[in-house]
file start_27.pdb (PDB, C-alpha atoms and all ligand atoms)
ATOM      1  CA  MET P   1      28.840 -21.503  20.938
ATOM      2  CA  SER P   2      25.941 -19.263  20.098
ATOM      3  CA  ASP P   3      25.825 -17.377  16.756
ATOM      4  CA  THR P   4      23.554 -14.702  18.108
ATOM      5  CA  HIS P   5      24.829 -11.189  18.703
ATOM      6  CA  PRO P   6      23.445  -8.632  21.085
ATOM      7  CA  THR P   7      21.162  -6.156  19.298
ATOM      8  CA  HIS P   8      21.463  -2.447  19.955
ATOM      9  CA  ALA P   9      18.425  -0.230  19.693
ATOM     10  CA  VAL P  10      19.172   2.951  17.731
ATOM     11  CA  PRO P  11      17.207   5.924  19.042
ATOM     12  CA  LEU P  12      15.185   7.884  16.457
ATOM     13  CA  GLU P  13      17.122  11.007  17.475
ATOM     14  CA  ALA P  14      20.155   9.476  15.771
ATOM     15  CA  GLY P  15      18.459  10.187  12.430
ATOM     16  CA  ALA P  16      18.121  13.923  13.100
ATOM     17  CA  GLY P  17      19.902  16.223  10.653
ATOM     18  CA  PRO P  18      19.350  18.948   8.073
ATOM     19  CA  ASP P  19      17.363  16.561   5.873
ATOM     20  CA  ASN P  20      15.344  15.296   8.818
ATOM     21  CA  PRO P  21      13.880  18.291  10.662
ATOM     22  CA  PRO P  22      12.078  17.723  13.963
ATOM     23  CA  CYS P  23       8.437  16.664  13.964
ATOM     24  CA  PRO P  24       6.276  19.671  14.962
ATOM     25  CA  ALA P  25       4.252  17.454  17.297
ATOM     26  CA  CYS P  26       6.783  15.335  19.165
ATOM     27  CA  GLY P  27      10.258  16.578  18.204
ATOM     28  CA  GLU P  28      11.498  13.275  16.729
ATOM     29  CA  PRO P  29      13.092  13.516  13.256
ATOM     30  CA  LEU P  30      10.894  13.445  10.153
ATOM     31  CA  PHE P  31      11.827  10.907   7.479
ATOM     32  CA  GLY P  32      11.007  10.963   3.760
ATOM     33  CA  TRP P  33       7.822   9.129   2.808
ATOM     34  CA  LEU P  34       6.522  10.180  -0.642
ATOM     35  CA  ALA P  35       8.096  12.015  -3.579
ATOM     36  CA  ALA P  36       6.435  15.180  -4.916
ATOM     37  CA  ARG P  37       3.422  14.648  -7.185
ATOM     38  CA  PRO P  38       1.195  16.962  -9.224
ATOM     39  CA  TYR P  39      -1.497  16.957  -6.535
ATOM     40  CA  LEU P  40       0.896  17.741  -3.662
ATOM     41  CA  ARG P  41       2.582  20.958  -2.572
ATOM     42  CA  GLY P  42       5.860  19.068  -2.170
ATOM     43  CA  PRO P  43       7.430  15.789  -1.044
ATOM     44  CA  VAL P  44       5.931  14.208   2.045
ATOM     45  CA  SER P  45       7.790  13.295   5.219
ATOM     46  CA  ARG P  46       6.474  11.485   8.258
ATOM     47  CA  CYS P  47       7.254  10.971  11.899
ATOM     48  CA  GLU P  48       7.913   7.375  12.937
ATOM     49  CA  SER P  49       6.934   8.183  16.521
ATOM     50  CA  CYS P  50       3.583  10.034  16.486
ATOM     51  CA  GLY P  51       2.724   9.396  12.824
ATOM     52  CA  LEU P  52       2.316  13.031  11.754
ATOM     53  CA  GLY P  53       2.864  13.623   8.029
ATOM     54  CA  VAL P  54       4.180  16.908   6.627
ATOM     55  CA  VAL P  55       3.716  17.870   2.977
ATOM     56  CA  GLY P  56       6.468  20.251   1.858
ATOM     57  CA  SER P  57       8.418  22.054   4.549
ATOM     58  CA  SER P  58       7.442  22.119   8.196
ATOM     59  CA  GLY P  59       6.600  25.447   9.794
ATOM     60  CA  GLY P  60       7.004  24.119  13.318
ATOM     61  CA  PRO P  61       4.532  23.478  16.155
ATOM     62  CA  GLU P  62       2.837  26.897  15.964
ATOM     63  CA  GLU P  63       1.920  26.455  12.312
ATOM     64  CA  ALA P  64       0.721  22.865  12.869
ATOM     65  CA  LEU P  65      -1.444  24.083  15.781
ATOM     66  CA  ARG P  66      -2.873  26.888  13.624
ATOM     67  CA  GLU P  67      -3.813  24.296  11.002
ATOM     68  CA  LEU P  68      -5.421  22.167  13.708
ATOM     69  CA  ASP P  69      -7.396  25.155  14.988
ATOM     70  CA  ARG P  70      -8.499  25.987  11.448
ATOM     71  CA  LEU P  71      -9.867  22.447  11.059
ATOM     72  CA  ALA P  72     -11.608  22.759  14.437
ATOM     73  CA  ALA P  73     -13.075  26.190  13.671
ATOM     74  CA  SER P  74     -16.531  24.761  13.021
ATOM     75  CA  GLY P  75     -16.755  23.521  16.626
ATOM     76  CA  SER P  76     -15.544  19.942  16.351
ATOM     77  CA  LEU P  77     -12.311  18.644  14.949
ATOM     78  CA  ARG P  78     -12.295  15.962  12.298
ATOM     79  CA  ILE P  79      -9.033  14.573  10.983
ATOM     80  CA  VAL P  80      -8.384  12.336   8.003
ATOM     81  CA  ASN P  81      -6.274   9.874   9.930
ATOM     82  CA  ARG P  82      -2.762   9.236   8.644
ATOM     83  CA  ALA P  83      -2.561   6.223  10.958
ATOM     84  CA  SER P  84      -5.567   4.597   9.243
ATOM     85  CA  PHE P  85      -5.772   1.318   7.340
ATOM     86  CA  ALA P  86      -6.779   3.375   4.289
ATOM     87  CA  CYS P  87      -3.507   5.345   4.422
ATOM     88  CA  SER P  88      -1.393   2.220   4.900
ATOM     89  CA  LEU P  89      -3.179   0.584   1.984
ATOM     90  CA  GLY P  90      -3.221   3.570  -0.343
ATOM     91  CA  GLY P  91       0.219   5.159   0.102
ATOM     92  CA  ALA P  92       0.451   7.926  -2.509
ATOM     93  CA  GLY P  93      -3.126   7.129  -3.539
ATOM     94  CA  TRP P  94      -4.490   7.840  -0.066
ATOM     95  CA  ALA P  95      -7.442  10.196  -0.420
ATOM     96  CA  GLY P  96      -6.221  12.277   2.538
ATOM     97  CA  LEU P  97      -3.589  13.750   0.212
ATOM     98  CA  GLY P  98      -4.443  16.748  -1.940
ATOM     99  CA  PRO P  99      -3.324  20.236  -2.981
ATOM    100  CA  GLU P 100      -4.499  21.791   0.292
ATOM    101  CA  ALA P 101      -2.958  19.150   2.555
ATOM    102  CA  HIS P 102       0.007  20.337   4.617
ATOM    103  CA  TYR P 103      -0.144  18.558   7.987
ATOM    104  CA  LEU P 104      -1.464  14.995   7.969
ATOM    105  CA  PHE P 105      -2.658  14.355  11.483
ATOM    106  CA  THR P 106      -2.996  11.271  13.644
ATOM    107  CA  VAL P 107      -4.720  11.101  17.023
ATOM    108  CA  GLU P 108      -1.320  10.782  18.718
ATOM    109  CA  ALA P 109       0.070  13.786  16.832
ATOM    110  CA  VAL P 110      -2.946  15.879  17.907
ATOM    111  CA  ARG P 111      -2.502  14.716  21.501
ATOM    112  CA  ARG P 112       1.178  15.734  21.471
ATOM    113  CA  LEU P 113       0.517  19.092  19.783
ATOM    114  CA  VAL P 114      -2.258  20.250  22.105
ATOM    115  CA  SER P 115      -0.382  19.074  25.214
ATOM    116  CA  ASP P 116       2.116  21.885  24.530
ATOM    117  CA  ARG P 117      -0.598  24.357  25.428
ATOM    118  CA  ASP P 118      -1.920  22.375  28.400
ATOM    119  CA  GLN P 119      -4.814  20.763  26.559
ATOM    120  CA  ILE P 120      -5.784  17.118  26.473
ATOM    121  CA  VAL P 121      -7.815  15.120  23.975
ATOM    122  CA  ARG P 122     -11.057  14.487  25.916
ATOM    123  CA  TRP P 123     -12.575  12.071  23.465
ATOM    124  CA  ARG P 124     -12.079  10.566  20.067
ATOM    125  CA  ARG P 125     -14.694   8.938  17.903
ATOM    126  CA  TRP P 126     -14.452   7.062  14.631
ATOM    127  CA  ALA P 127     -16.619   8.628  11.901
ATOM    128  CA  PRO P 128     -17.612   5.467   9.958
ATOM    129  CA  LEU P 129     -19.450   6.949   6.974
ATOM    130  CA  ALA P 130     -16.899   9.691   6.337
ATOM    131  CA  GLY P 131     -14.171   7.096   6.811
ATOM    132  CA  LEU P 132     -15.819   4.720   4.365
ATOM    133  CA  ALA P 133     -15.927   7.496   1.745
ATOM    134  CA  VAL P 134     -12.184   8.155   2.214
ATOM    135  CA  THR P 135     -11.315   4.451   2.016
ATOM    136  CA  TRP P 136     -13.514   4.003  -1.061
ATOM    137  CA  GLN P 137     -11.897   6.962  -2.814
ATOM    138  CA  THR P 138      -8.438   5.680  -1.838
ATOM    139  CA  LEU P 139      -9.163   2.359  -3.550
ATOM    140  CA  LEU P 140     -10.442   4.106  -6.686
ATOM    141  CA  ASN P 141      -7.292   6.264  -6.789
ATOM    142  CA  SER P 142      -5.302   3.102  -7.473
ATOM    143  CA  VAL P 143      -7.013   2.734 -10.874
ATOM    144  CA  THR P 144      -7.521   6.334 -12.009
ATOM    145  CA  LEU P 145      -5.047   8.724 -13.614
ATOM    146  CA  GLY P 146      -6.294  11.675 -11.600
ATOM    147  CA  HIS P 147      -6.404  11.884  -7.799
ATOM    148  CA  ASN P 148      -9.734  11.963  -5.924
ATOM    149  CA  ALA P 149     -11.576  12.171  -9.258
ATOM    150  CA  ALA P 150     -14.748  10.460  -7.975
ATOM    151  CA  SER P 151     -15.042  12.736  -4.927
ATOM    152  CA  ASP P 152     -14.542  15.700  -7.243
ATOM    153  CA  ALA P 153     -17.303  14.514  -9.574
ATOM    154  CA  LEU P 154     -19.615  14.011  -6.574
ATOM    155  CA  GLY P 155     -18.823  17.507  -5.270
ATOM    156  CA  ARG P 156     -17.447  16.082  -1.992
ATOM    157  CA  ASP P 157     -13.866  17.178  -2.316
ATOM    158  CA  GLN P 158     -11.607  18.995  -4.728
ATOM    159  CA  GLY P 159      -9.696  16.454  -6.780
ATOM    160  CA  THR P 160      -6.755  16.791  -9.122
ATOM    161  CA  LEU P 161      -8.017  15.646 -12.494
ATOM    162  CA  ALA P 162      -5.997  14.087 -15.313
ATOM    163  CA  LYS P 163      -4.643  16.541 -17.890
ATOM    164  CA  GLU P 164      -6.252  15.240 -21.071
ATOM    165  CA  ARG P 165      -9.962  15.139 -21.665
ATOM    166  CA  TRP P 166      -9.885  11.477 -22.746
ATOM    167  CA  GLN P 167      -8.006  10.599 -19.562
ATOM    168  CA  ARG P 168     -10.649  12.338 -17.462
ATOM    169  CA  ARG P 169     -13.347  10.383 -19.302
ATOM    170  CA  ILE P 170     -11.552   7.105 -18.605
ATOM    171  CA  ASP P 171     -11.327   8.073 -14.933
ATOM    172  CA  ILE P 172     -15.059   8.731 -14.724
ATOM    173  CA  LEU P 173     -15.830   5.472 -16.524
ATOM    174  CA  ALA P 174     -13.471   3.498 -14.261
ATOM    175  CA  SER P 175     -14.975   5.145 -11.167
ATOM    176  CA  VAL P 176     -18.519   4.257 -12.264
ATOM    177  CA  VAL P 177     -17.691   0.660 -13.232
ATOM    178  CA  LEU P 178     -15.607   0.025 -10.118
ATOM    179  CA  ALA P 179     -17.718   2.009  -7.641
ATOM    180  CA  THR P 180     -19.520  -1.052  -6.258
ATOM    181  CA  PRO P 181     -16.544  -3.469  -6.196
ATOM    182  CA  ALA P 182     -14.456  -0.763  -4.480
ATOM    183  CA  LEU P 183     -17.222  -0.282  -1.924
ATOM    184  CA  LEU P 184     -17.358  -4.017  -1.222
ATOM    185  CA  VAL P 185     -13.623  -3.970  -0.448
ATOM    186  CA  ALA P 186     -13.753  -0.641   1.411
ATOM    187  CA  ILE P 187     -16.416  -1.816   3.906
ATOM    188  CA  PRO P 188     -14.338  -4.558   5.617
ATOM    189  CA  VAL P 189     -11.143  -2.491   5.397
ATOM    190  CA  GLU P 190     -12.760   0.514   7.076
ATOM    191  CA  LEU P 191     -14.682  -1.623   9.557
ATOM    192  CA  GLY P 192     -11.480  -3.435  10.580
ATOM    193  CA  GLY P 193      -9.605  -0.159  10.857
ATOM    194  CA  GLY P 194     -12.338   1.546  12.845
ATOM    195  CA  LEU P 195     -12.611  -1.299  15.335
ATOM    196  CA  ILE P 196      -8.936  -1.099  16.298
ATOM    197  CA  GLY P 197      -8.642   2.687  16.292
ATOM    198  CA  ARG P 198      -7.345   3.011  12.739
ATOM    199  CA  GLY P 199     -10.447   4.369  11.026
ATOM    200  CA  ALA P 200      -9.943   6.753   8.107
ATOM    201  CA  VAL P 201     -11.728   9.707   9.727
ATOM    202  CA  VAL P 202     -11.727  10.482  13.446
ATOM    203  CA  SER P 203     -13.593  13.183  15.361
ATOM    204  CA  LEU P 204     -11.799  14.643  18.358
ATOM    205  CA  ARG P 205     -12.425  17.091  21.103
ATOM    206  CA  PHE P 206      -9.653  18.679  23.133
ATOM    207  CA  GLU P 207     -10.002  20.840  26.208
ATOM    208  CA  LEU P 208      -7.866  22.706  28.700
ATOM    209  CA  LEU P 209      -6.516  20.610  31.579
TER     210      LEU P 209
HETATM  211 ZN    ZN I   1       6.013  13.124  15.773
END
call {"tool": "encode", "arguments": {"input": "start_27.pdb", "output": "structure tokens"}}
result
Amino acid sequence: MSDTHPTHAVPLEAGAGPDNPPCPACGEPLFGWLAARPYLRGPVSRCESCGLGVVGSSGGPEEALRELDRLAASGSLRIVNRASFACSLGGAGWAGLGPEAHYLFTVEAVRRLVSDRDQIVRWRRWAPLAGLAVTWQTLLNSVTLGHNAASDALGRDQGTLAKERWQRRIDILASVVLATPALLVAIPVELGGGLIGRGAVVSLRFELL
């Protein structure tokens, strides 16, 4: 007699409820991912289907599309990819998180969002240098008290620095000492991610059908 039992797949919709609002991109329920932190506007939830992350409360598809259009205002859209190796590796230390972050996009989430207004993603391209910078900063975040302190010091991005002056000094020292080792780890991580479509930064173009 066999000990195996038939397995039943539980649809994601079964998790929908007041604590799990629908994903603005695909409509599947959002599930809790990260607790609130000083450098975030609220706790973070994520969609298990398209990968979209939402910091704080979700304003629905229209708001997510407005955020997408704001990012694309300069002519081309660049997303810090929530489906990247860097994000999987960094978790709460992922450099894509910050005080301004609200919607954390993936290529699939963008595809789903723009399809609602009859647009398709025409092409996507990994941005290796920008991605390497994000992966490098993500690795440094695992050893600093502040968040994105090195990018802040380099004027690349606004970081959330540690409260005390001595803590900020330690962060700068740690970033300087570990800059090269972190880079040596970041290169293969980002290269591996980029080669299988999970680079840290992706450029996209979407057009009307
Ligand atoms: Zn989704």
call {"tool": "atom_distance", "arguments": {"input": "start_27.pdb", "atom1": "atom CA of P:Pro181", "atom2": "atom CA of P:Gly197"}}
result
24.6 Å
call {"tool": "atom_distance", "arguments": {"input": "start_27.pdb", "atom1": "atom CA of P:Leu68", "atom2": "atom CA of P:Gly131"}}
result
18.7 Å
call {"tool": "resolve_selection", "arguments": {"input": "start_27.pdb", "expression": "the PyMOL selection byres (((chain P and resi 112-125) around 6) and not hetatm)", "output": "mmCIF file with C-alpha atoms, in the coordinates of the input"}}
result
data_model
loop_
_atom_site.group_PDB
_atom_site.id
_atom_site.type_symbol
_atom_site.label_atom_id
_atom_site.label_comp_id
_atom_site.auth_asym_id
_atom_site.auth_seq_id
_atom_site.Cartn_x
_atom_site.Cartn_y
_atom_site.Cartn_z
ATOM 1 C CA ALA P 25 4.252 17.454 17.297
ATOM 2 C CA ALA P 109 0.070 13.786 16.832
ATOM 3 C CA VAL P 110 -2.946 15.879 17.907
ATOM 4 C CA ARG P 111 -2.502 14.716 21.501
ATOM 5 C CA TRP P 126 -14.452 7.062 14.631
ATOM 6 C CA VAL P 202 -11.727 10.482 13.446
ATOM 7 C CA SER P 203 -13.593 13.183 15.361
ATOM 8 C CA LEU P 204 -11.799 14.643 18.358
ATOM 9 C CA ARG P 205 -12.425 17.091 21.103
ATOM 10 C CA PHE P 206 -9.653 18.679 23.133
ATOM 11 C CA GLU P 207 -10.002 20.840 26.208
ATOM 12 C CA LEU P 208 -7.866 22.706 28.700
ATOM 13 C CA LEU P 209 -6.516 20.610 31.579
#
call {"tool": "residues_around", "arguments": {"input": "start_27.pdb", "residues": "stretch 92-100 of chain P", "least_positions_apart": "3", "cutoff": "7 Å", "atoms": "only C-alpha atoms", "output": "list in words"}}
result
Leu34, Tyr39, Leu40, Arg41, Val80, Ala86, Cys87, Val134, Gln137, Thr138, Asn141, Ser142 and Asn148 of chain P
call {"tool": "closest_atom_pairs", "arguments": {"input": "start_27.pdb", "of": "chain P", "to": "ligand ZN 1 (chain I)", "cutoff": "10 Å", "atoms": "only C-alpha atoms and all ligand atoms", "output": "tab-separated table"}}
result
residue	atom	partner	partner_atom	distance
P:Pro22	CA	I:ZN1	ZN	7.8
P:Cys23	CA	I:ZN1	ZN	4.7
P:Pro24	CA	I:ZN1	ZN	6.6
P:Ala25	CA	I:ZN1	ZN	4.9
P:Cys26	CA	I:ZN1	ZN	4.1
P:Gly27	CA	I:ZN1	ZN	6.0
P:Glu28	CA	I:ZN1	ZN	5.6
P:Pro29	CA	I:ZN1	ZN	7.5
P:Leu30	CA	I:ZN1	ZN	7.5
P:Arg46	CA	I:ZN1	ZN	7.7
P:Cys47	CA	I:ZN1	ZN	4.6
P:Glu48	CA	I:ZN1	ZN	6.7
P:Ser49	CA	I:ZN1	ZN	5.1
P:Cys50	CA	I:ZN1	ZN	4.0
P:Gly51	CA	I:ZN1	ZN	5.8
P:Leu52	CA	I:ZN1	ZN	5.5
P:Gly53	CA	I:ZN1	ZN	8.4
P:Phe105	CA	I:ZN1	ZN	9.8
P:Thr106	CA	I:ZN1	ZN	9.4
P:Glu108	CA	I:ZN1	ZN	8.2
P:Ala109	CA	I:ZN1	ZN	6.1
P:Val110	CA	I:ZN1	ZN	9.6
P:Arg112	CA	I:ZN1	ZN	7.9
P:Leu113	CA	I:ZN1	ZN	9.1
call {"tool": "atom_distance", "arguments": {"input": "start_27.pdb", "atom1": "atom CA of P:Ile187", "atom2": "atom CA of P:Leu129"}}
result
9.8 Å
call {"tool": "closest_residue", "arguments": {"input": "start_27.pdb", "among": "P:Pro128, P:Gly193, P:Gly17, P:Gly56", "to": "P:Arg37", "atoms": "all atoms listed in the file"}}
result
P:Gly56
call {"tool": "resolve_selection", "arguments": {"input": "start_27.pdb", "expression": "the PyMOL selection byres (((chain P and resi 188) around 12) and not hetatm)", "output": "JSON, numbers by chain"}}
result
{"P": [85, 86, 128, 131, 132, 135, 136, 182, 183, 184, 185, 186, 187, 189, 190, 191, 192, 193, 194, 195, 199]}
call {"tool": "residues_around", "arguments": {"input": "start_27.pdb", "residues": "P:Asp69", "least_positions_apart": "2", "cutoff": "12 Å", "atoms": "all atoms listed in the file", "output": "ChimeraX atom specification"}}
result
/P:62-67,71-79,110,113-114,204-206
call {"tool": "residues_around", "arguments": {"input": "start_27.pdb", "residues": "P:Arg169", "least_positions_apart": "5", "cutoff": "12 Å", "atoms": "all atoms listed in the file", "output": "short mmCIF file (atom, residue, chain, number, x, y, z; two decimals) with C-alpha atoms, in the coordinates of the input"}}
result
data_model
loop_
_atom_site.label_atom_id
_atom_site.label_comp_id
_atom_site.auth_asym_id
_atom_site.auth_seq_id
_atom_site.Cartn_x
_atom_site.Cartn_y
_atom_site.Cartn_z
CA THR P 144 -7.52 6.33 -12.01
CA LEU P 145 -5.05 8.72 -13.61
CA GLY P 146 -6.29 11.68 -11.60
CA ALA P 149 -11.58 12.17 -9.26
CA ALA P 150 -14.75 10.46 -7.98
CA ALA P 153 -17.30 14.51 -9.57
CA LEU P 161 -8.02 15.65 -12.49
CA ALA P 162 -6.00 14.09 -15.31
CA LYS P 163 -4.64 16.54 -17.89
CA GLU P 164 -6.25 15.24 -21.07
CA ALA P 174 -13.47 3.50 -14.26
CA SER P 175 -14.98 5.14 -11.17
CA VAL P 176 -18.52 4.26 -12.26
#
call {"tool": "closest_residue", "arguments": {"input": "start_27.pdb", "among": "P:Gln167, P:Tyr103, P:Ala35, P:Asp157", "to": "P:Arg70", "atoms": "only C-alpha atoms"}}
result
P:Tyr103
call {"tool": "closest_residue", "arguments": {"input": "start_27.pdb", "among": "P:Leu104, P:Val201, P:Ile170, P:Gly155", "to": "P:Ala133", "atoms": "only C-alpha atoms"}}
result
P:Val201
call {"tool": "axis_aligned_box", "arguments": {"input": "start_27.pdb", "around": "stretch 24-38 of chain P", "padding_each_side": "3 Å", "output": "JSON"}}
result
{"center_x": 7.1, "center_y": 14.4, "center_z": 5.0, "size_x": 17.9, "size_y": 16.5, "size_z": 34.4}
call {"tool": "closest_residue", "arguments": {"input": "start_27.pdb", "among": "P:Pro61, P:Thr160, P:Val54, P:Asp171", "to": "P:Arg82", "atoms": "only C-alpha atoms"}}
result
P:Val54
call {"tool": "closest_residue", "arguments": {"input": "start_27.pdb", "among": "P:Val44, P:Ala127, P:Leu140, P:Ala200", "to": "P:Leu173", "atoms": "only C-alpha atoms"}}
result
P:Leu140
call {"tool": "closest_residue", "arguments": {"input": "start_27.pdb", "among": "P:Thr180, P:Gln158, P:Ser45, P:Asn81", "to": "P:Ser58", "atoms": "all atoms listed in the file"}}
result
P:Ser45
call {"tool": "decode", "arguments": {"input": "start_27.pdb", "residues": "stretch 101-117 of chain P", "atoms": "N, CA and C atoms", "output": "JSON list (two decimals), in the first residue's frame"}}
result
[["chain", "number", "residue", "atom", "x", "y", "z"],
["P", 101, "ALA", "N", 10.84, 54.93, -2.01],
["P", 101, "ALA", "CA", 10.32, 53.74, -2.69],
["P", 101, "ALA", "C", 8.88, 53.46, -2.26],
["P", 102, "HIS", "N", 8.01, 53.26, -3.23],
["P", 102, "HIS", "CA", 6.62, 52.87, -2.94],
["P", 102, "HIS", "C", 6.28, 51.59, -3.69],
["P", 103, "TYR", "N", 6.44, 51.61, -5.02],
["P", 103, "TYR", "CA", 6.21, 50.40, -5.82],
["P", 103, "TYR", "C", 7.56, 49.85, -6.27],
["P", 104, "LEU", "N", 7.77, 48.57, -6.02],
["P", 104, "LEU", "CA", 9.05, 47.92, -6.34],
["P", 104, "LEU", "C", 8.77, 47.01, -7.53],
["P", 105, "PHE", "N", 9.20, 47.46, -8.69],
["P", 105, "PHE", "CA", 8.76, 46.82, -9.93],
["P", 105, "PHE", "C", 9.61, 45.61, -10.32],
["P", 106, "THR", "N", 8.98, 44.74, -11.09],
["P", 106, "THR", "CA", 9.68, 43.67, -11.82],
["P", 106, "THR", "C", 9.26, 43.83, -13.28],
["P", 107, "VAL", "N", 9.97, 43.15, -14.17],
["P", 107, "VAL", "CA", 9.60, 43.24, -15.59],
["P", 107, "VAL", "C", 8.18, 42.71, -15.78],
["P", 108, "GLU", "N", 7.86, 41.61, -15.10],
["P", 108, "GLU", "CA", 6.52, 41.01, -15.24],
["P", 108, "GLU", "C", 5.44, 41.95, -14.70],
["P", 109, "ALA", "N", 5.73, 42.62, -13.59],
["P", 109, "ALA", "CA", 4.74, 43.56, -13.03],
["P", 109, "ALA", "C", 4.51, 44.72, -14.01],
["P", 110, "VAL", "N", 5.58, 45.22, -14.63],
["P", 110, "VAL", "CA", 5.43, 46.30, -15.62],
["P", 110, "VAL", "C", 4.59, 45.80, -16.79],
["P", 111, "ARG", "N", 4.89, 44.59, -17.25],
["P", 111, "ARG", "CA", 4.16, 44.03, -18.39],
["P", 111, "ARG", "C", 2.66, 43.95, -18.08],
["P", 112, "ARG", "N", 2.33, 43.48, -16.88],
["P", 112, "ARG", "CA", 0.92, 43.35, -16.49],
["P", 112, "ARG", "C", 0.26, 44.73, -16.36],
["P", 113, "LEU", "N", 0.97, 45.68, -15.76],
["P", 113, "LEU", "CA", 0.39, 47.01, -15.54],
["P", 113, "LEU", "C", 0.09, 47.71, -16.86],
["P", 114, "VAL", "N", 1.06, 47.72, -17.77],
["P", 114, "VAL", "CA", 0.85, 48.47, -19.02],
["P", 114, "VAL", "C", -0.12, 47.77, -19.95],
["P", 115, "SER", "N", -0.30, 46.44, -19.77],
["P", 115, "SER", "CA", -1.26, 45.73, -20.63],
["P", 115, "SER", "C", -2.68, 46.22, -20.37],
["P", 116, "ASP", "N", -2.93, 46.75, -19.17],
["P", 116, "ASP", "CA", -4.27, 47.28, -18.86],
["P", 116, "ASP", "C", -4.62, 48.49, -19.72],
["P", 117, "ARG", "N", -3.62, 49.14, -20.27],
["P", 117, "ARG", "CA", -3.93, 50.27, -21.15],
["P", 117, "ARG", "C", -3.42, 49.98, -22.57]]
